[in-house]
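As stored in structure_38.txt (compact mmCIF, C-alpha atoms and all ligand atoms):
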# COMPACT_ATOMS: atom_id res chain seq x y z
CA MET Y 1 59.16 107.65 155.69
CA ALA Y 2 59.97 109.26 152.29
CA GLY Y 3 58.65 107.66 149.12
CA ILE Y 4 54.90 107.35 148.61
CA ALA Y 5 53.00 110.60 148.30
CA LEU Y 6 49.93 110.46 150.51
CA THR Y 7 46.48 110.91 148.95
CA PRO Y 8 42.95 111.50 150.32
CA PRO Y 9 42.00 107.77 150.07
CA LEU Y 10 45.20 106.79 151.93
CA ILE Y 11 44.46 109.34 154.64
CA ARG Y 12 40.85 108.15 154.91
CA ALA Y 13 42.10 104.57 155.28
CA ARG Y 14 44.02 105.61 158.40
CA LYS Y 15 40.75 105.85 160.38
CA GLY Y 16 41.24 104.18 163.76
CA ALA Y 17 44.87 103.21 162.97
CA ALA Y 18 47.21 102.65 165.90
CA GLU Y 19 49.38 105.57 164.74
CA PRO Y 20 47.58 108.94 164.74
CA LEU Y 21 47.73 111.23 161.71
CA VAL Y 22 50.18 114.13 161.92
CA MET Y 23 49.18 117.43 160.35
CA LEU Y 24 50.97 120.79 160.51
CA THR Y 25 50.34 124.07 158.78
CA ALA Y 26 52.94 125.28 156.28
CA TYR Y 27 52.92 128.49 154.31
CA THR Y 28 56.34 128.59 152.61
CA ALA Y 29 58.54 126.24 150.57
CA PRO Y 30 61.48 126.00 153.04
CA VAL Y 31 59.20 125.18 155.97
CA ALA Y 32 57.27 122.67 153.85
CA ARG Y 33 60.57 120.96 152.96
CA ALA Y 34 61.55 120.75 156.63
CA LEU Y 35 58.17 119.29 157.66
CA ASP Y 36 57.58 116.98 154.70
CA ALA Y 37 59.17 113.80 156.06
CA HIS Y 38 57.50 114.18 159.44
CA ALA Y 39 53.93 115.21 158.70
CA ASP Y 40 51.29 113.18 156.86
CA ILE Y 41 49.41 116.32 155.86
CA LEU Y 42 50.65 119.87 155.29
CA LEU Y 43 47.81 122.34 155.65
CA VAL Y 44 48.12 125.67 153.93
CA GLY Y 45 45.69 127.17 156.41
CA ASP Y 46 44.05 130.54 156.12
CA SER Y 47 45.79 131.09 159.47
CA VAL Y 48 48.50 132.38 157.08
CA GLY Y 49 46.69 135.71 157.45
CA MET Y 50 47.48 135.88 161.14
CA ALA Y 51 50.79 133.96 161.22
CA VAL Y 52 52.46 135.62 158.21
CA TYR Y 53 50.57 138.83 157.47
CA GLY Y 54 49.79 139.96 161.04
CA MET Y 55 46.02 140.13 160.46
CA ASP Y 56 43.78 139.92 163.52
CA SER Y 57 41.54 137.22 162.04
CA THR Y 58 41.40 134.95 158.99
CA LEU Y 59 38.54 136.90 157.42
CA PRO Y 60 40.60 139.24 155.18
CA VAL Y 61 42.54 136.37 153.54
CA ASP Y 62 41.72 136.07 149.84
CA LEU Y 63 41.93 133.28 147.27
CA ALA Y 64 45.00 134.73 145.53
CA THR Y 65 46.94 134.59 148.81
CA MET Y 66 45.93 130.98 149.40
CA ILE Y 67 46.95 130.07 145.85
CA ARG Y 68 50.35 131.77 146.17
CA HIS Y 69 51.22 129.98 149.41
CA GLY Y 70 49.55 126.73 148.27
CA ARG Y 71 51.71 126.62 145.14
CA ALA Y 72 54.91 127.15 147.15
CA VAL Y 73 54.06 124.38 149.63
CA ALA Y 74 52.78 121.89 147.04
CA ALA Y 75 55.94 122.34 144.95
CA ALA Y 76 58.13 121.62 147.97
CA ALA Y 77 56.26 118.64 149.47
CA GLU Y 78 57.16 115.16 148.26
CA ARG Y 79 55.55 112.77 150.74
CA ALA Y 80 53.03 114.75 152.75
CA MET Y 81 49.61 115.43 151.30
CA VAL Y 82 48.97 119.15 150.80
CA VAL Y 83 45.56 120.60 151.69
CA VAL Y 84 44.69 124.24 151.02
CA ASP Y 85 42.00 126.17 152.92
CA LEU Y 86 39.23 127.86 150.97
CA PRO Y 87 39.15 131.33 152.53
CA PHE Y 88 36.12 133.23 153.81
CA ALA Y 89 33.53 134.27 151.21
CA THR Y 90 34.89 132.03 148.44
CA TYR Y 91 32.52 129.08 148.98
CA HIS Y 92 29.53 130.08 151.13
CA GLU Y 93 27.38 131.68 148.43
CA SER Y 94 26.59 128.56 146.39
CA PRO Y 95 28.00 125.12 145.57
CA GLN Y 96 28.80 126.46 142.09
CA LYS Y 97 30.86 129.32 143.48
CA ALA Y 98 32.59 126.88 145.82
CA PHE Y 99 33.43 124.65 142.86
CA ARG Y 100 34.94 127.56 140.92
CA SER Y 101 37.09 128.55 143.93
CA ALA Y 102 38.16 124.97 144.66
CA ALA Y 103 38.94 124.22 141.01
CA LYS Y 104 41.18 127.31 140.84
CA VAL Y 105 43.01 126.20 143.98
CA LEU Y 106 43.55 122.64 142.71
CA GLN Y 107 44.59 123.76 139.21
CA LYS Y 108 46.90 126.58 140.25
CA THR Y 109 48.60 125.00 143.27
CA GLY Y 110 48.80 121.29 142.53
CA CYS Y 111 47.49 120.51 146.03
CA ALA Y 112 45.62 117.28 146.78
CA ALA Y 113 42.51 118.65 148.49
CA VAL Y 114 40.77 121.69 149.89
CA LYS Y 115 39.43 122.30 153.38
CA LEU Y 116 36.32 124.30 154.21
CA GLU Y 117 34.63 125.26 157.46
CA GLY Y 118 31.10 124.29 158.47
CA GLY Y 119 28.96 121.25 159.28
CA ALA Y 120 25.53 120.13 158.06
CA GLU Y 121 24.90 123.52 156.44
CA MET Y 122 27.87 122.91 154.11
CA ALA Y 123 26.99 119.29 153.26
CA GLU Y 124 25.34 120.17 149.94
CA THR Y 125 28.45 122.10 148.90
CA VAL Y 126 30.80 119.31 149.99
CA ALA Y 127 28.74 116.78 147.98
CA PHE Y 128 28.79 119.08 144.94
CA LEU Y 129 32.59 119.32 145.14
CA THR Y 130 33.39 115.68 145.86
CA GLN Y 131 31.07 114.49 143.06
CA ARG Y 132 33.04 116.70 140.68
CA GLY Y 133 36.53 115.53 141.57
CA VAL Y 134 37.46 117.85 144.42
CA PRO Y 135 38.58 116.02 147.59
CA VAL Y 136 37.31 117.88 150.66
CA MET Y 137 38.46 117.94 154.27
CA GLY Y 138 35.75 119.26 156.63
CA HIS Y 139 36.26 121.51 159.65
CA ILE Y 140 33.77 121.74 162.53
CA GLY Y 141 33.68 122.97 166.12
CA LEU Y 142 35.27 126.37 166.60
CA LEU Y 143 35.13 128.01 163.16
CA PRO Y 144 37.56 130.94 162.88
CA GLN Y 145 35.82 132.22 159.73
CA SER Y 146 32.57 132.50 161.75
CA VAL Y 147 34.20 134.18 164.74
CA ARG Y 148 31.89 137.21 164.36
CA VAL Y 149 28.68 135.14 164.66
CA MET Y 150 30.17 132.86 167.32
CA GLY Y 151 31.05 135.94 169.39
CA GLY Y 152 34.71 134.98 169.78
CA TYR Y 153 36.96 131.93 169.77
CA LYS Y 154 34.78 129.67 171.92
CA VAL Y 155 35.34 126.00 172.74
CA GLN Y 156 32.43 123.83 171.57
CA GLY Y 157 30.88 120.96 173.54
CA ASP Y 158 27.50 120.06 172.04
CA ALA Y 159 28.29 116.43 171.16
CA ALA Y 160 24.96 115.69 169.45
CA ARG Y 161 25.27 118.69 167.16
CA LEU Y 162 28.94 118.07 166.37
CA LEU Y 163 28.24 114.42 165.61
CA ALA Y 164 25.36 115.37 163.29
CA ASP Y 165 27.68 117.86 161.53
CA ALA Y 166 30.49 115.30 161.15
CA ARG Y 167 28.07 112.66 159.83
CA ALA Y 168 26.61 115.10 157.31
CA LEU Y 169 30.12 115.89 156.03
CA GLU Y 170 31.07 112.21 155.93
CA GLN Y 171 27.91 111.36 153.94
CA ALA Y 172 28.66 114.24 151.59
CA GLY Y 173 32.04 112.68 150.80
CA ALA Y 174 34.55 114.48 153.03
CA PHE Y 175 37.58 112.23 153.52
CA ALA Y 176 38.52 113.64 156.96
CA VAL Y 177 37.22 116.22 159.41
CA VAL Y 178 39.14 118.74 161.53
CA LEU Y 179 37.72 119.24 165.03
CA GLU Y 180 38.81 122.61 166.38
CA GLY Y 181 38.27 123.76 169.97
CA VAL Y 182 36.09 120.80 170.98
CA LYS Y 183 35.68 119.41 174.52
CA GLU Y 184 37.03 115.90 175.00
CA PRO Y 185 33.68 114.04 175.45
CA ALA Y 186 32.31 115.59 172.27
CA ALA Y 187 35.53 114.87 170.35
CA ARG Y 188 35.32 111.24 171.47
CA ALA Y 189 31.68 110.94 170.44
CA VAL Y 190 32.45 112.35 166.99
CA THR Y 191 35.57 110.23 166.49
CA GLU Y 192 33.70 107.07 167.47
CA GLY Y 193 30.65 108.05 165.44
CA VAL Y 194 32.15 108.55 161.98
CA ALA Y 195 34.12 106.34 159.62
CA VAL Y 196 36.48 109.09 158.47
CA PRO Y 197 39.49 110.30 160.47
CA THR Y 198 39.06 113.22 162.84
CA ILE Y 199 42.03 115.55 163.23
CA GLY Y 200 41.98 117.63 166.38
CA ILE Y 201 43.32 121.05 167.30
CA GLY Y 202 42.41 121.89 170.87
CA ALA Y 203 40.15 118.83 170.74
CA SER Y 204 42.00 116.42 173.09
CA ALA Y 205 43.68 113.12 172.32
CA ALA Y 206 40.31 111.54 171.46
CA CYS Y 207 40.87 112.14 167.74
CA ASP Y 208 42.45 110.10 164.92
CA GLY Y 209 45.12 112.75 164.40
CA GLN Y 210 46.45 116.07 165.63
CA VAL Y 211 47.23 119.38 163.96
CA LEU Y 212 48.98 122.51 165.21
CA VAL Y 213 49.74 125.81 163.54
CA CYS Y 214 53.43 125.43 162.74
CA ASP Y 215 54.33 128.92 163.92
CA ASP Y 216 52.74 128.22 167.32
CA MET Y 217 54.55 124.88 167.59
CA LEU Y 218 57.85 126.60 166.74
CA GLY Y 219 57.34 129.43 169.22
CA LEU Y 220 57.40 132.13 166.57
CA THR Y 221 55.31 134.42 168.77
CA PRO Y 222 56.74 136.28 171.81
CA SER Y 223 56.93 133.81 174.70
CA GLY Y 224 55.07 136.05 177.19
CA GLY Y 225 52.06 136.58 174.89
CA PRO Y 226 48.64 134.91 175.01
CA ARG Y 227 48.68 131.26 174.02
CA PRO Y 228 45.81 128.77 173.87
CA ARG Y 229 46.26 125.89 176.35
CA PHE Y 230 46.42 123.28 173.56
CA VAL Y 231 49.57 124.79 172.00
CA ARG Y 232 52.73 122.95 172.95
CA ARG Y 233 55.88 124.84 171.96
CA TYR Y 234 58.60 122.56 170.62
CA ALA Y 235 61.01 125.43 170.01
CA ASP Y 236 61.40 129.08 170.95
CA LEU Y 237 62.27 130.52 167.56
CA TYR Y 238 61.08 134.04 168.40
CA ALA Y 239 63.75 134.27 171.11
CA GLN Y 240 66.34 132.72 168.78
CA VAL Y 241 65.54 135.20 165.99
CA GLU Y 242 65.80 138.09 168.47
CA ALA Y 243 69.12 136.80 169.82
CA ALA Y 244 70.54 136.29 166.32
CA ALA Y 245 69.47 139.77 165.22
CA ALA Y 246 71.01 141.31 168.37
CA GLN Y 247 74.30 139.48 167.74
CA PHE Y 248 74.36 140.53 164.07
CA ALA Y 249 73.76 144.17 165.05
CA THR Y 250 76.54 143.97 167.65
CA ASP Y 251 78.98 142.49 165.13
CA VAL Y 252 78.19 145.06 162.42
CA ARG Y 253 78.49 147.97 164.87
CA ALA Y 254 81.78 146.61 166.23
CA ARG Y 255 83.03 146.10 162.63
CA THR Y 256 83.66 142.41 163.35
CA PHE Y 257 81.30 141.44 160.53
CA PRO Y 258 82.17 140.74 157.80
CA GLY Y 259 85.55 139.18 158.62
CA GLN Y 260 88.38 138.42 156.22
CA GLY Y 261 86.97 134.97 155.48
CA GLU Y 262 83.61 136.47 154.59
CA ALA Y 263 85.02 138.88 151.98
CA TYR Y 264 86.04 138.37 148.33
CA HIS Y 265 89.74 139.04 147.77
O1 LIG J 301 43.93 127.73 159.12
C1 LIG J 301 44.36 126.86 159.90
O2 LIG J 301 45.52 126.87 160.34
C2 LIG J 301 43.45 125.79 160.31
C3 LIG J 301 43.89 124.93 161.44
C4 LIG J 301 43.62 125.65 162.70
C5 LIG J 301 43.24 123.60 161.42
O3 LIG J 301 42.38 125.67 159.79

Once you've parsed the file, please lay out its structure as structure tokens.
Ligand code: KIV
Amino acid sequence: MAGIALTPPLIRARKGAAEPLVMLTAYTAPVARALDAHADILLVGDSVGMAVYGMDSTLPVDLATMIRHGRAVAAAAERAMVVVDLPFATYHESPQKAFRSAAKVLQKTGCAAVKLEGGAEMAETVAFLTQRGVPVMGHIGLLPQSVRVMGGYKVQGDAARLLADARALEQAGAFAVVLEGVKEPAARAVTEGVAVPTIGIGASAACDGQVLVCDDMLGLTPSGGPRPRFVRRYADLYAQVEAAAAQFATDVRARTFPGQGEAYH
């Protein structure tokens, strides 16, 4: 799989392909390196606020944080296309403000594209960006940055509205659209109704691709804790980290670490 670095036009051309697009979030260079050969897109999501910094929503994440993590991931990725989220309050005010934020992200990270949340109401901004050289991935359905007005993390099912949102983004030049927390019939209607790939998270198999938050997929949260039904855990790293830390503590306390072979003589 290594070799060609993927670009927004190559991703857009995968619409309706037999093989779905694979997207995962990545926030650090070592994780980006491990995912690079397997994912088509690495998303430096503003979920970094919750996954890495322990915030209770994505709202406090700022542009400097996105740039720092975006730079680390973009430097590490060779094949996968890197997309960086524009965080809350860095693009809503005006298309001009959105352009300044997006330009900073592209210039300072070396990523391929930005992602922003919102449907028809963001179409003018998406057009402003794409006409000025900024590739944009859209994001509709459940919008974590609007969790306050949505009254929580609620699954969306209004197919007509979602389709109108996706079409507005497509016409504005978005090269792909994330569908988050969308019921299957609505996801199918949107996927069949637009010519750009849809990438689902909690949006069923009726999408052109799938994305998960890497930390959820790796089981980096305690296994008994709350977990959305769409998260499949492919590892249980939280338990492994705990077990490794317990073993290290045991070894240090028993003076069996470091051993002779782990010392300089
Ligand atoms: O920030 C993020 O991780 C995202 C995904 C949920 C798509 O936007």

### Message
For Ala195 (chain Y), find every residue with an atom within 9 Å (counting only C-alpha atoms), except residues of its own chain fewer than 3 positions away, and show them as a PyMOL selection string.
### Response
chain Y and resi 12+15-16+167+170+176+191-192

### Task
Compare Y:Val231, Y:Ala172, Y:Ala18, Y:Leu179 by their minimum atom-to-atom distance to ligand LIG 301 (chain J), counting all atoms listed in the file, and give me the closest one.
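Using all atoms listed in the file, the shortest distance to ligand LIG 301 (chain J) belongs to Y:Leu179.
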
### Query
Counting only C-alpha atoms and all ligand atoms, what residues are within 6 Å of ligand LIG 301 (chain J), given as a PyMOL selection string?
chain Y and resi 25+45-47+213

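Note that the spacing between CA of Phe230 (chain Y) and CA of Glu184 (chain Y) amounts to 12.0 Å.
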
### Query
Skipping near chain neighbours, those fewer than 2 positions away, what residues fall within 7 Å of region 59-62 of chain Y using all atoms listed in the file, listed as a list in words?
Asp46, Gly49, Ser57, Ala64, Thr65, Met66, Pro87, Phe88 and Gln145 of chain Y

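Among the candidates Y:Leu10, Y:Arg71, Y:Ala80, Y:Phe257, the residue lying nearest to Ala37 (chain Y) is Y:Ala80 (atoms considered: all atoms listed in the file).
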
### Task
Rank Y:Gly141, Y:Pro226, Y:Gly202, Y:Gly259 by their smallest atom-to-atom distance to Ala160 (chain Y), using only C-alpha atoms, and report the top residue only.
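Counting only C-alpha atoms, the residue closest to Ala160 (chain Y) is Y:Gly141.
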
### Query
When distances are computed from all atoms listed in the file, which of Y:Lys108, Y:His139, Y:His92, Y:Arg227 shows the smallest separation from Asp215 (chain Y)?
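Smallest distance to Asp215 (chain Y) is found for Y:Arg227.
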
### Task
Find the distance between CA of Ala206 (chain Y) and CA of Val83 (chain Y) and write it in Å to one decimal.
22.4 Å
